[in-house]
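**Student:** Take a look at target-v7.tsv, TSV, C-alpha atoms:
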```tsv
chain	number	residue	atom	x	y	z
A	1	MET	CA	4.28	-21.51	22.02
A	2	GLU	CA	5.83	-24.88	21.12
A	3	ASN	CA	5.23	-24.34	17.41
A	4	LEU	CA	7.73	-21.51	17.42
A	5	GLU	CA	10.57	-23.90	18.23
A	6	LYS	CA	12.82	-25.26	15.47
A	7	SER	CA	11.54	-22.79	12.96
A	8	TYR	CA	12.59	-19.59	11.25
A	9	ILE	CA	11.79	-16.00	12.06
A	10	ILE	CA	11.63	-13.40	9.33
A	11	GLU	CA	11.88	-9.89	10.71
A	12	ILE	CA	10.86	-7.03	8.42
A	13	GLY	CA	11.57	-3.44	9.42
A	14	LEU	CA	11.61	-0.02	7.79
A	15	LYS	CA	14.90	1.20	6.33
A	16	GLU	CA	16.71	3.65	8.60
A	17	ASN	CA	16.18	6.60	6.24
A	18	LEU	CA	12.37	6.30	6.45
A	19	PHE	CA	10.27	7.79	9.21
A	20	ASP	CA	8.63	5.08	11.34
A	21	ALA	CA	5.17	6.63	11.70
A	22	PHE	CA	3.73	3.57	13.41
A	23	GLY	CA	6.55	3.45	15.96
A	24	ASN	CA	6.10	7.16	16.60
A	25	GLU	CA	2.38	6.71	17.28
A	26	ILE	CA	3.15	3.93	19.77
A	27	LEU	CA	5.75	6.12	21.47
A	28	ASN	CA	3.08	8.82	21.90
A	29	SER	CA	0.74	6.26	23.49
A	30	ILE	CA	3.53	5.09	25.83
A	31	LYS	CA	4.14	8.66	26.95
A	32	GLU	CA	0.40	9.07	27.55
A	33	LEU	CA	0.70	6.09	29.91
A	34	GLY	CA	3.19	8.18	31.88
A	35	PHE	CA	6.47	6.55	30.80
A	36	ASP	CA	8.55	9.56	29.73
A	37	ASN	CA	11.82	7.59	29.85
A	38	PHE	CA	11.07	5.89	26.50
A	39	GLU	CA	12.77	7.66	23.60
A	40	LYS	CA	12.06	5.58	20.54
A	41	VAL	CA	10.04	2.56	19.43
A	42	PHE	CA	11.07	0.48	16.43
A	43	VAL	CA	8.32	-1.71	14.96
A	44	TYR	CA	8.94	-4.90	13.00
A	45	ASP	CA	6.61	-7.38	11.32
A	46	VAL	CA	7.70	-10.85	12.38
A	47	TYR	CA	6.77	-14.06	10.61
A	48	ASN	CA	7.37	-17.44	12.18
A	49	VAL	CA	7.80	-19.90	9.32
A	50	TYR	CA	7.76	-23.61	10.07
A	51	GLY	CA	6.66	-26.93	8.62
A	52	ASP	CA	8.22	-28.17	5.37
A	53	VAL	CA	10.73	-25.32	5.00
A	54	SER	CA	14.43	-24.85	4.41
A	55	LEU	CA	16.51	-21.70	4.82
A	56	GLN	CA	16.56	-21.34	1.03
A	57	LEU	CA	12.76	-21.46	0.86
A	58	VAL	CA	12.44	-18.94	3.69
A	59	ARG	CA	14.78	-16.62	1.78
A	60	GLN	CA	12.62	-17.03	-1.34
A	61	ILE	CA	9.43	-16.23	0.60
A	62	THR	CA	11.09	-13.19	2.15
A	63	LYS	CA	12.44	-11.84	-1.11
A	64	ASN	CA	9.35	-12.39	-3.25
A	65	ILE	CA	6.46	-11.91	-0.85
A	66	LEU	CA	7.27	-10.12	2.35
A	67	LEU	CA	9.98	-7.65	1.49
A	68	ASP	CA	9.43	-4.24	-0.10
A	69	HIS	CA	12.92	-3.70	-1.49
A	70	VAL	CA	12.61	0.09	-1.46
A	71	ALA	CA	11.23	0.50	2.04
A	72	HIS	CA	12.29	-2.53	4.09
A	73	ASN	CA	15.21	-4.42	5.52
A	74	ALA	CA	14.85	-8.10	6.37
A	75	LYS	CA	16.56	-10.38	8.84
A	76	ILE	CA	16.17	-14.18	8.98
A	77	TYR	CA	17.16	-16.28	11.96
A	78	LYS	CA	16.32	-19.56	13.67
A	79	TYR	CA	13.71	-19.04	16.35
A	80	ASN	CA	15.04	-19.15	19.88
A	81	ASN	CA	12.70	-18.30	22.70
A	82	LYS	CA	15.64	-17.32	24.87
A	83	LYS	CA	17.49	-15.42	22.16
A	84	ASP	CA	19.52	-12.63	23.64
A	85	GLU	CA	18.34	-9.28	22.36
A	86	LYS	CA	20.58	-6.23	22.54
A	87	MET	CA	17.69	-3.92	23.39
A	88	PRO	CA	14.53	-4.36	25.44
A	89	CYS	CA	11.73	-5.61	23.24
A	90	VAL	CA	8.46	-7.47	23.17
A	91	GLU	CA	7.07	-9.89	20.62
A	92	VAL	CA	3.28	-10.10	20.24
A	93	TRP	CA	1.84	-13.23	18.63
A	94	TYR	CA	-1.66	-14.57	18.13
A	95	LYS	CA	-2.47	-17.35	20.56
A	96	LYS	CA	-2.25	-20.75	18.91
A	97	GLN	CA	-6.01	-21.33	18.94
A	98	VAL	CA	-6.85	-17.93	17.38
A	99	THR	CA	-7.29	-17.53	13.63
A	100	ASP	CA	-4.37	-15.60	12.15
A	101	PRO	CA	-5.78	-13.76	9.08
A	102	VAL	CA	-2.44	-12.31	8.00
A	103	ALA	CA	-0.96	-15.80	7.98
A	104	MET	CA	-3.82	-16.96	5.76
A	105	THR	CA	-2.97	-14.20	3.28
A	106	ALA	CA	0.72	-15.13	3.46
A	107	ILE	CA	-0.09	-18.78	2.70
A	108	LYS	CA	-2.17	-17.67	-0.30
A	109	ALA	CA	0.75	-15.54	-1.53
A	110	ILE	CA	3.15	-18.49	-1.08
A	111	LYS	CA	0.87	-20.71	-3.17
A	112	ASP	CA	0.68	-17.98	-5.84
A	113	LEU	CA	4.45	-18.18	-5.99
A	114	GLY	CA	4.14	-21.84	-6.99
A	115	ILE	CA	5.55	-23.23	-3.73
A	116	LYS	CA	3.94	-26.59	-3.03
A	117	ASN	CA	5.62	-27.31	0.35
A	118	ASP	CA	3.38	-27.53	3.39
A	119	VAL	CA	4.52	-24.18	4.79
A	120	LYS	CA	3.00	-22.89	8.00
A	121	ILE	CA	3.19	-19.31	9.18
A	122	ARG	CA	2.34	-17.32	12.27
A	123	CYS	CA	2.44	-13.56	12.11
A	124	GLY	CA	3.28	-11.14	14.86
A	125	LYS	CA	4.81	-7.82	15.74
A	126	LYS	CA	8.04	-6.99	17.49
A	127	TYR	CA	8.51	-3.71	19.32
A	128	VAL	CA	12.02	-2.65	20.25
A	129	PHE	CA	12.44	0.13	22.80
A	130	SER	CA	15.19	2.63	23.45
A	131	GLY	CA	15.35	4.95	26.44
A	132	ASN	CA	16.68	5.30	29.96
A	133	ASN	CA	16.10	2.97	32.88
A	134	ILE	CA	13.53	0.79	31.09
A	135	LYS	CA	12.18	-1.89	33.44
A	136	LYS	CA	10.55	-5.20	32.60
A	137	ASP	CA	7.37	-4.22	34.45
A	138	MET	CA	7.02	-1.09	32.32
A	139	ILE	CA	7.12	-3.22	29.17
A	140	ARG	CA	4.60	-5.60	30.72
A	141	GLN	CA	2.22	-2.69	31.36
A	142	ILE	CA	2.78	-1.28	27.86
A	143	SER	CA	2.20	-4.72	26.33
A	144	GLU	CA	-1.07	-5.29	28.18
A	145	LYS	CA	-2.44	-1.76	27.77
A	146	ILE	CA	-1.27	-0.83	24.25
A	147	LEU	CA	0.35	-3.58	22.23
A	148	ALA	CA	-1.46	-6.82	22.98
A	149	ASN	CA	-5.03	-7.92	23.48
A	150	THR	CA	-4.32	-10.67	26.00
A	151	LEU	CA	-7.56	-12.43	25.10
A	152	ILE	CA	-6.12	-13.31	21.67
A	153	HIS	CA	-2.41	-12.49	21.95
A	154	ASP	CA	0.61	-13.89	23.77
A	155	TYR	CA	3.52	-11.56	24.39
A	156	ILE	CA	7.14	-12.37	25.13
A	157	ILE	CA	9.41	-9.78	26.71
A	158	LYS	CA	13.10	-10.10	25.81
A	159	GLY	CA	16.38	-8.24	26.17
A	160	ILE	CA	15.81	-7.12	29.73
B	1	MET	CA	-17.91	1.48	-27.27
B	2	VAL	CA	-14.72	1.52	-25.15
B	3	LYS	CA	-14.59	-1.57	-22.91
B	4	VAL	CA	-13.14	-1.12	-19.44
B	5	LEU	CA	-12.10	-3.95	-17.16
B	6	ILE	CA	-12.38	-2.97	-13.49
B	7	LEU	CA	-10.35	-5.51	-11.58
B	8	ARG	CA	-11.81	-6.87	-8.35
B	9	THR	CA	-10.45	-9.08	-5.63
B	10	GLY	CA	-11.04	-9.69	-1.93
B	11	GLY	CA	-11.01	-6.27	-0.26
B	12	THR	CA	-11.68	-4.13	-3.34
B	13	ASN	CA	-14.27	-1.53	-2.37
B	14	CYS	CA	-14.28	1.26	-4.98
B	15	ASP	CA	-15.27	-0.85	-7.97
B	16	LEU	CA	-18.92	0.29	-8.08
B	17	GLU	CA	-18.05	4.00	-8.06
B	18	THR	CA	-15.42	3.38	-10.73
B	19	GLU	CA	-17.96	1.47	-12.83
B	20	TRP	CA	-20.38	4.38	-12.56
B	21	ALA	CA	-17.62	6.85	-13.49
B	22	CYS	CA	-16.82	4.87	-16.64
B	23	LYS	CA	-20.50	4.67	-17.63
B	24	LEU	CA	-20.87	8.41	-17.09
B	25	ALA	CA	-17.83	8.99	-19.34
B	26	GLY	CA	-19.41	6.89	-22.10
B	27	ALA	CA	-17.64	3.54	-21.70
B	28	LYS	CA	-18.83	0.00	-21.13
B	29	PRO	CA	-17.28	-1.15	-17.84
B	30	SER	CA	-17.19	-4.71	-16.44
B	31	ARG	CA	-16.24	-5.56	-12.86
B	32	ILE	CA	-14.16	-8.72	-13.13
B	33	HIS	CA	-12.61	-10.78	-10.32
B	34	ILE	CA	-8.88	-11.54	-10.70
B	35	SER	CA	-9.57	-15.29	-10.62
B	36	ARG	CA	-11.59	-14.99	-13.88
B	37	ILE	CA	-8.42	-13.71	-15.54
B	38	THR	CA	-5.94	-16.10	-13.92
B	39	GLU	CA	-8.21	-19.04	-14.80
B	40	GLY	CA	-8.38	-17.83	-18.41
B	41	LYS	CA	-12.17	-17.35	-18.40
B	42	VAL	CA	-11.86	-13.64	-19.21
B	43	LYS	CA	-9.22	-12.29	-21.58
B	44	LEU	CA	-7.65	-9.00	-20.56
B	45	LEU	CA	-6.93	-8.24	-24.20
B	46	ASP	CA	-10.67	-8.15	-24.96
B	47	PHE	CA	-10.72	-4.82	-23.13
B	48	ASP	CA	-9.42	-1.36	-24.01
B	49	VAL	CA	-8.68	-0.08	-20.51
B	50	LEU	CA	-7.68	-1.79	-17.26
B	51	ILE	CA	-8.54	-0.02	-14.01
B	52	ILE	CA	-7.40	-1.31	-10.64
B	53	PRO	CA	-9.67	0.49	-8.19
B	54	GLY	CA	-9.27	1.42	-4.55
B	55	GLY	CA	-9.78	-0.74	-1.51
B	56	PHE	CA	-7.68	-3.04	0.63
B	57	SER	CA	-6.76	-6.01	-1.55
B	58	TYR	CA	-6.32	-9.09	0.64
B	59	GLY	CA	-6.56	-6.84	3.66
B	60	ASP	CA	-3.26	-5.20	2.66
B	61	ASP	CA	-1.95	-7.81	5.09
B	62	LEU	CA	1.56	-8.09	3.67
B	63	GLY	CA	1.85	-4.43	2.66
B	64	ALA	CA	-0.68	-2.42	0.66
B	65	GLY	CA	-1.33	-3.98	-2.75
B	66	LYS	CA	1.57	-6.43	-2.47
B	67	VAL	CA	-0.36	-9.72	-2.75
B	68	LEU	CA	-2.48	-8.58	-5.72
B	69	ALA	CA	0.66	-7.21	-7.39
B	70	ASN	CA	2.36	-10.59	-7.03
B	71	GLU	CA	-0.72	-12.38	-8.31
B	72	LEU	CA	-0.88	-10.18	-11.41
B	73	ILE	CA	2.81	-10.56	-12.17
B	74	LEU	CA	2.98	-14.29	-11.46
B	75	LYS	CA	-0.27	-15.35	-13.09
B	76	ALA	CA	-1.09	-12.76	-15.76
B	77	LYS	CA	2.27	-11.31	-16.74
B	78	ASP	CA	2.02	-12.14	-20.45
B	79	GLU	CA	-1.40	-10.55	-20.77
B	80	ILE	CA	-0.29	-7.43	-18.87
B	81	THR	CA	2.84	-7.17	-21.04
B	82	LEU	CA	0.80	-7.46	-24.25
B	83	PHE	CA	-1.77	-4.99	-22.92
B	84	ARG	CA	0.89	-2.34	-22.37
B	85	GLU	CA	2.64	-3.12	-25.65
B	86	LYS	CA	-0.65	-2.42	-27.42
B	87	LYS	CA	-0.61	1.01	-25.69
B	88	ARG	CA	-3.84	0.44	-23.79
B	89	PRO	CA	-4.25	2.50	-20.61
B	90	ILE	CA	-3.79	0.96	-17.18
B	91	ILE	CA	-5.09	3.11	-14.32
B	92	GLY	CA	-4.44	2.42	-10.64
B	93	ILE	CA	-6.39	4.40	-8.07
B	94	CYS	CA	-5.29	4.33	-4.41
B	95	ASN	CA	-4.83	0.60	-3.73
B	96	GLY	CA	-4.53	0.21	-7.51
B	97	PHE	CA	-1.59	2.66	-7.48
B	98	GLN	CA	0.06	0.59	-4.74
B	99	VAL	CA	-0.49	-2.54	-6.86
B	100	LEU	CA	1.06	-0.97	-9.98
B	101	VAL	CA	4.13	0.25	-8.07
B	102	LYS	CA	4.65	-3.07	-6.29
B	103	ALA	CA	4.13	-5.01	-9.53
B	104	GLY	CA	7.00	-3.10	-11.10
B	105	LEU	CA	4.72	-1.37	-13.64
B	106	LEU	CA	5.39	2.10	-12.23
B	107	PRO	CA	7.40	4.25	-12.54
B	108	PHE	CA	9.61	2.21	-14.90
B	109	LYS	CA	9.03	-1.23	-16.42
B	110	ASP	CA	10.21	-4.11	-14.21
B	111	GLN	CA	12.19	-1.81	-11.91
B	112	TYR	CA	11.32	-1.77	-8.25
B	113	VAL	CA	12.55	1.71	-7.43
B	114	ALA	CA	9.57	3.28	-5.67
B	115	SER	CA	7.07	2.36	-3.02
B	116	LEU	CA	4.15	3.64	-0.96
B	117	VAL	CA	4.56	3.43	2.80
B	118	TRP	CA	2.70	4.50	5.93
B	119	ASN	CA	1.53	8.11	6.15
B	120	ASP	CA	3.84	10.24	8.30
B	121	SER	CA	0.86	11.02	10.53
B	122	GLY	CA	0.58	7.32	11.40
B	123	ARG	CA	-3.13	7.60	10.68
B	124	PHE	CA	-5.63	6.84	7.97
B	125	GLU	CA	-6.14	10.17	6.16
B	126	ASP	CA	-9.62	10.54	4.71
B	127	ARG	CA	-10.44	14.01	3.33
B	128	TRP	CA	-10.31	16.31	0.30
B	129	VAL	CA	-6.97	17.66	-0.87
B	130	TYR	CA	-5.76	20.27	-3.33
B	131	LEU	CA	-3.83	18.87	-6.27
B	132	ARG	CA	-1.74	20.56	-8.92
B	133	VAL	CA	-2.07	19.05	-12.38
B	134	GLU	CA	1.50	18.82	-13.63
B	135	GLN	CA	2.70	19.20	-17.21
B	136	SER	CA	3.18	15.49	-17.80
B	137	ILE	CA	3.47	13.09	-20.70
B	138	SER	CA	0.18	11.46	-19.77
B	139	PRO	CA	-2.72	12.35	-22.09
B	140	PHE	CA	-5.30	11.83	-19.34
B	141	PHE	CA	-5.02	15.17	-17.56
B	142	LYS	CA	-5.92	17.60	-20.34
B	143	ASN	CA	-8.80	20.10	-20.07
B	144	LEU	CA	-8.34	20.32	-16.31
B	145	PRO	CA	-7.49	23.53	-14.43
B	146	GLU	CA	-4.07	23.76	-12.79
B	147	ILE	CA	-5.51	23.28	-9.29
B	148	ILE	CA	-8.14	20.62	-8.69
B	149	ARG	CA	-9.55	18.77	-5.68
B	150	PHE	CA	-10.03	15.05	-5.14
B	151	PRO	CA	-10.58	13.14	-1.91
B	152	VAL	CA	-7.91	10.86	-0.44
B	153	ALA	CA	-8.57	7.87	1.83
B	154	HIS	CA	-5.48	5.89	2.69
B	155	ALA	CA	-3.02	4.87	5.39
B	156	GLU	CA	-0.13	3.84	3.14
B	157	GLY	CA	0.15	6.64	0.60
B	158	LYS	CA	3.57	8.15	1.23
B	159	PHE	CA	5.40	7.92	-2.08
B	160	VAL	CA	9.09	7.13	-1.59
B	161	VAL	CA	11.87	6.41	-4.08
B	162	LYS	CA	14.99	4.31	-3.87
B	163	ASN	CA	17.32	7.30	-4.29
B	164	ASP	CA	17.52	10.87	-5.62
B	165	ARG	CA	18.40	9.67	-9.12
B	166	VAL	CA	15.00	7.99	-9.40
B	167	LEU	CA	13.19	11.18	-8.38
B	168	LYS	CA	15.22	13.25	-10.86
B	169	LYS	CA	14.46	10.78	-13.64
B	170	ILE	CA	10.72	10.83	-12.90
B	171	GLU	CA	10.78	14.65	-12.86
B	172	ASN	CA	12.93	15.00	-15.99
B	173	ASN	CA	10.71	12.55	-17.90
B	174	SER	CA	7.60	14.54	-16.86
B	175	GLN	CA	6.13	11.44	-15.26
B	176	ILE	CA	4.60	13.25	-12.29
B	177	VAL	CA	0.91	13.80	-13.00
B	178	LEU	CA	-0.38	15.22	-9.70
B	179	ARG	CA	1.18	16.88	-6.66
B	180	TYR	CA	-0.34	17.72	-3.30
B	181	VAL	CA	-0.41	21.51	-2.88
B	182	ASN	CA	-2.10	24.21	-0.82
B	183	ALA	CA	-4.97	26.32	-2.16
B	184	ALA	CA	-2.46	28.67	-3.81
B	185	GLY	CA	-0.91	25.78	-5.74
B	186	GLU	CA	2.34	25.68	-3.75
B	187	ILE	CA	3.88	22.45	-2.51
B	188	ALA	CA	3.26	22.44	1.22
B	189	ASP	CA	3.64	20.21	4.26
B	190	TYR	CA	0.98	18.39	6.26
B	191	PRO	CA	-2.00	18.69	6.24
B	192	TYR	CA	-1.90	19.74	2.56
B	193	ASN	CA	0.39	16.83	1.83
B	194	PRO	CA	-1.63	14.17	3.67
B	195	ASN	CA	1.04	11.49	3.85
B	196	GLY	CA	4.51	13.06	3.58
B	197	SER	CA	5.09	11.99	-0.04
B	198	ILE	CA	8.42	13.11	-1.42
B	199	ALA	CA	8.11	16.30	-3.53
B	200	GLY	CA	4.37	16.25	-2.85
B	201	ILE	CA	3.87	13.46	-5.37
B	202	ALA	CA	0.26	12.26	-5.51
B	203	GLY	CA	0.34	10.47	-8.85
B	204	ILE	CA	2.76	9.35	-11.53
B	205	CYS	CA	2.74	7.72	-14.95
B	206	ASP	CA	5.08	5.36	-16.76
B	207	GLU	CA	7.55	6.41	-19.44
B	208	LYS	CA	4.83	6.38	-22.13
B	209	GLY	CA	2.23	8.16	-20.01
B	210	LEU	CA	-0.36	5.41	-20.41
B	211	ILE	CA	0.03	3.64	-17.09
B	212	VAL	CA	-1.14	6.04	-14.41
B	213	GLY	CA	-1.29	5.61	-10.65
B	214	MET	CA	-2.60	8.08	-8.11
B	215	MET	CA	-3.56	7.99	-4.45
B	216	PRO	CA	-6.51	10.45	-4.71
B	217	HIS	CA	-9.91	9.17	-5.86
B	218	PRO	CA	-11.23	10.77	-9.08
B	219	GLU	CA	-14.22	8.39	-9.02
B	220	ARG	CA	-15.41	10.14	-5.84
B	221	ALA	CA	-15.29	13.57	-7.50
B	222	LEU	CA	-17.48	13.13	-10.57
B	223	LEU	CA	-20.25	15.65	-9.95
B	224	LYS	CA	-20.23	19.16	-8.50
B	225	ILE	CA	-22.49	17.91	-5.72
B	226	HIS	CA	-19.71	15.51	-4.66
B	227	GLU	CA	-17.55	18.48	-3.68
B	228	PRO	CA	-17.64	19.30	0.04
B	229	ASP	CA	-18.61	22.96	-0.45
B	230	TRP	CA	-20.83	22.60	-3.52
B	231	HIS	CA	-23.76	24.38	-1.88
B	232	ARG	CA	-21.62	27.47	-1.31
B	233	ASN	CA	-20.38	27.69	-4.91
B	234	GLU	CA	-23.27	28.44	-7.24
B	235	THR	CA	-22.56	27.06	-10.69
B	236	ASP	CA	-24.39	25.63	-13.66
B	237	ASP	CA	-21.67	23.00	-14.06
B	238	VAL	CA	-22.83	19.48	-13.34
B	239	PHE	CA	-19.53	17.64	-13.59
B	240	SER	CA	-16.44	17.87	-11.40
B	241	PHE	CA	-12.76	17.16	-12.10
B	242	GLY	CA	-12.92	13.38	-11.74
B	243	TYR	CA	-15.41	13.15	-14.59
B	244	GLN	CA	-12.99	14.99	-16.88
B	245	PHE	CA	-10.22	12.54	-15.98
B	246	PHE	CA	-12.34	9.50	-16.89
B	247	LYS	CA	-13.57	11.28	-20.05
B	248	ASN	CA	-9.95	11.85	-21.10
B	249	VAL	CA	-9.12	8.16	-20.63
B	250	ILE	CA	-12.17	7.00	-22.59
B	251	GLU	CA	-11.65	9.58	-25.37
B	252	TYR	CA	-8.03	8.47	-25.74
B	253	CYS	CA	-9.28	4.95	-26.54
B	254	SER	CA	-12.14	6.02	-28.82
```
Now that the file is in, can you turn its structure into structure tokens?

**Tutor:**
Amino acid sequence: MENLEKSYIIEIGLKENLFDAFGNEILNSIKELGFDNFEKVFVYDVYNVYGDVSLQLVRQITKNILLDHVAHNAKIYKYNNKKDEKMPCVEVWYKKQVTDPVAMTAIKAIKDLGIKNDVKIRCGKKYVFSGNNIKKDMIRQISEKILANTLIHDYIIKGI
Amino acid sequence: MVKVLILRTGGTNCDLETEWACKLAGAKPSRIHISRITEGKVKLLDFDVLIIPGGFSYGDDLGAGKVLANELILKAKDEITLFREKKRPIIGICNGFQVLVKAGLLPFKDQYVASLVWNDSGRFEDRWVYLRVEQSISPFFKNLPEIIRFPVAHAEGKFVVKNDRVLKKIENNSQIVLRYVNAAGEIADYPYNPNGSIAGIAGICDEKGLIVGMMPHPERALLKIHEPDWHRNETDDVFSFGYQFFKNVIEYCS
């Protein structure tokens, strides 16, 4: 995961007033696995932006390409593999050697915007969990059985 | 003959049905890839109607319709602006509706005050729905009964607005063209409203009524035999509600 270092993360999530249907579906699947202690799942699209980028450029990409101003909130931060998270969560990313089709679309959209910098992107998902007595091993099981295909995905558990 | 440009790009998949619908309604449709327009090889203004059909443009990877919307606005904005100034219809069906909303063409010019997000069910909803034809400013919904049926096929069709003022303005301007209802014509929850759209909104138009976007697919409801229960309803009618919609659009331009 060395490419994720010294780069930016753009985190896009639904606004609080909108129902997170995708998160709700995942919660149902988690309960089917037998983990009734999970109460809510928040789902975010995460984009790791690196290469020839500045914070200003990342903001421009976020505002003009990735963000739906009516439905989404966005957060931008420097990537830190050991970043302390307030809640238990897992990030799921394509393995480095696997084609990332969403990233290819994002690069096309960046070029459409007239940006000539050599921007590189990796796309992933972040799942944040709330509930009682959540253990790291539970998230590992959920990641491997529901959220990630370990043949093509890496997952990083944080906040626990 | 009325010339219709049916816009294609990677992931468009309802262009052939839309082409057939336009032919059936008496127009001359052309399926044109977006790159032909952005490269200047095809002029949008040589056409009378622009239809953005259904599908999954660019895989809907960055949000449904978002990349195509950006491409249109960044690379063909002048042509789109002139097209609407000349009062030529722009129709967005399903993914096309998502494109029009995210391009700032609906519900109000250059205002990003609405969006289409994931269905409340969290699933792709693919089935026929009842729709109420609203008294709107759009001229494309005349000669239709109050309750009609079209199929829907989408995952991101929940119409949301920035705030209540936007919804009130759309309602007061009579910009709502279709609402999801039950068989009695009443606004109802899931499964009648397949996605959780606010106020049951299935389709809207702009402030002049000439740019129309809707999630349901009129091009899949052209003939009576397209209807799911056609064999149980004996009728001499050949055409269904979708045909009338396309006929209205073409007649408006004739």

**Student:** May I have the residues within 6 Å of Ile121 of chain A as a PyMOL selection string, using only C-alpha atoms and disregarding those fewer than 6 positions away in the same chain?

**Tutor:** chain A and resi 48-49+103

**Student:** Mind listing as a PyMOL selection string which residues of chain B are within 12 Å of chain A, counting only C-alpha atoms?

**Tutor:** chain B and resi 10-11+35+38+57-76+98+101-104+111-124+155-156+158-163+166+195-198

**Student:** Could you save the residues just selected, with C-alpha atoms, as a compact mmCIF listing (two decimals), in the coordinates of the input?

**Tutor:**
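Saved to out08.txt:
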```txt
# COMPACT_ATOMS: atom_id res chain seq x y z
CA GLY B 10 -11.04 -9.69 -1.93
CA GLY B 11 -11.01 -6.27 -0.26
CA SER B 35 -9.57 -15.29 -10.62
CA THR B 38 -5.94 -16.10 -13.92
CA SER B 57 -6.76 -6.01 -1.55
CA TYR B 58 -6.32 -9.09 0.64
CA GLY B 59 -6.56 -6.84 3.66
CA ASP B 60 -3.26 -5.20 2.66
CA ASP B 61 -1.95 -7.81 5.09
CA LEU B 62 1.56 -8.09 3.67
CA GLY B 63 1.85 -4.43 2.66
CA ALA B 64 -0.68 -2.42 0.66
CA GLY B 65 -1.33 -3.98 -2.75
CA LYS B 66 1.57 -6.43 -2.47
CA VAL B 67 -0.36 -9.72 -2.75
CA LEU B 68 -2.48 -8.58 -5.72
CA ALA B 69 0.66 -7.21 -7.39
CA ASN B 70 2.36 -10.59 -7.03
CA GLU B 71 -0.72 -12.38 -8.31
CA LEU B 72 -0.88 -10.18 -11.41
CA ILE B 73 2.81 -10.56 -12.17
CA LEU B 74 2.98 -14.29 -11.46
CA LYS B 75 -0.27 -15.35 -13.09
CA ALA B 76 -1.09 -12.76 -15.76
CA GLN B 98 0.06 0.59 -4.74
CA VAL B 101 4.13 0.25 -8.07
CA LYS B 102 4.65 -3.07 -6.29
CA ALA B 103 4.13 -5.01 -9.53
CA GLY B 104 7.00 -3.10 -11.10
CA GLN B 111 12.19 -1.81 -11.91
CA TYR B 112 11.32 -1.77 -8.25
CA VAL B 113 12.55 1.71 -7.43
CA ALA B 114 9.57 3.28 -5.67
CA SER B 115 7.07 2.36 -3.02
CA LEU B 116 4.15 3.64 -0.96
CA VAL B 117 4.56 3.43 2.80
CA TRP B 118 2.70 4.50 5.93
CA ASN B 119 1.53 8.11 6.15
CA ASP B 120 3.84 10.24 8.30
CA SER B 121 0.86 11.02 10.53
CA GLY B 122 0.58 7.32 11.40
CA ARG B 123 -3.13 7.60 10.68
CA PHE B 124 -5.63 6.84 7.97
CA ALA B 155 -3.02 4.87 5.39
CA GLU B 156 -0.13 3.84 3.14
CA LYS B 158 3.57 8.15 1.23
CA PHE B 159 5.40 7.92 -2.08
CA VAL B 160 9.09 7.13 -1.59
CA VAL B 161 11.87 6.41 -4.08
CA LYS B 162 14.99 4.31 -3.87
CA ASN B 163 17.32 7.30 -4.29
CA VAL B 166 15.00 7.99 -9.40
CA ASN B 195 1.04 11.49 3.85
CA GLY B 196 4.51 13.06 3.58
CA SER B 197 5.09 11.99 -0.04
CA ILE B 198 8.42 13.11 -1.42
```

**Student:** Could you tell me how far atom CA of Ile201 of chain B sits from atom CA of Cys94 of chain B, in Å to one decimal place?

**Tutor:**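 Computing it gives 13.0 Å between the two atoms.
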
**Student:** Which residues, written as a list in words, have at least one atom at most 9 Å from Leu223 of chain B, with all atoms listed in the file counted and residues fewer than 6 positions away on the same chain left out?

**Tutor:**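 Once the adjacent positions are removed, what remains is Asp237, Val238, Phe239, Ser240, Phe241, Gly242 and Tyr243 of chain B.
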
**Student:** Name all residues at most 12 Å from Asn233 of chain B (count all atoms listed in the file; drop same-chain ones fewer than 6 positions away) and give them as number ranges by chain.

**Tutor:** B: 224-225, 227

**Student:** Restricting the calculation to only C-alpha atoms: of B:Arg165, B:Lys109, B:Arg84, B:His217, which residue gets closest to Val152 of chain B?

**Tutor:**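 Closest to Val152 of chain B of all the choices is B:His217.
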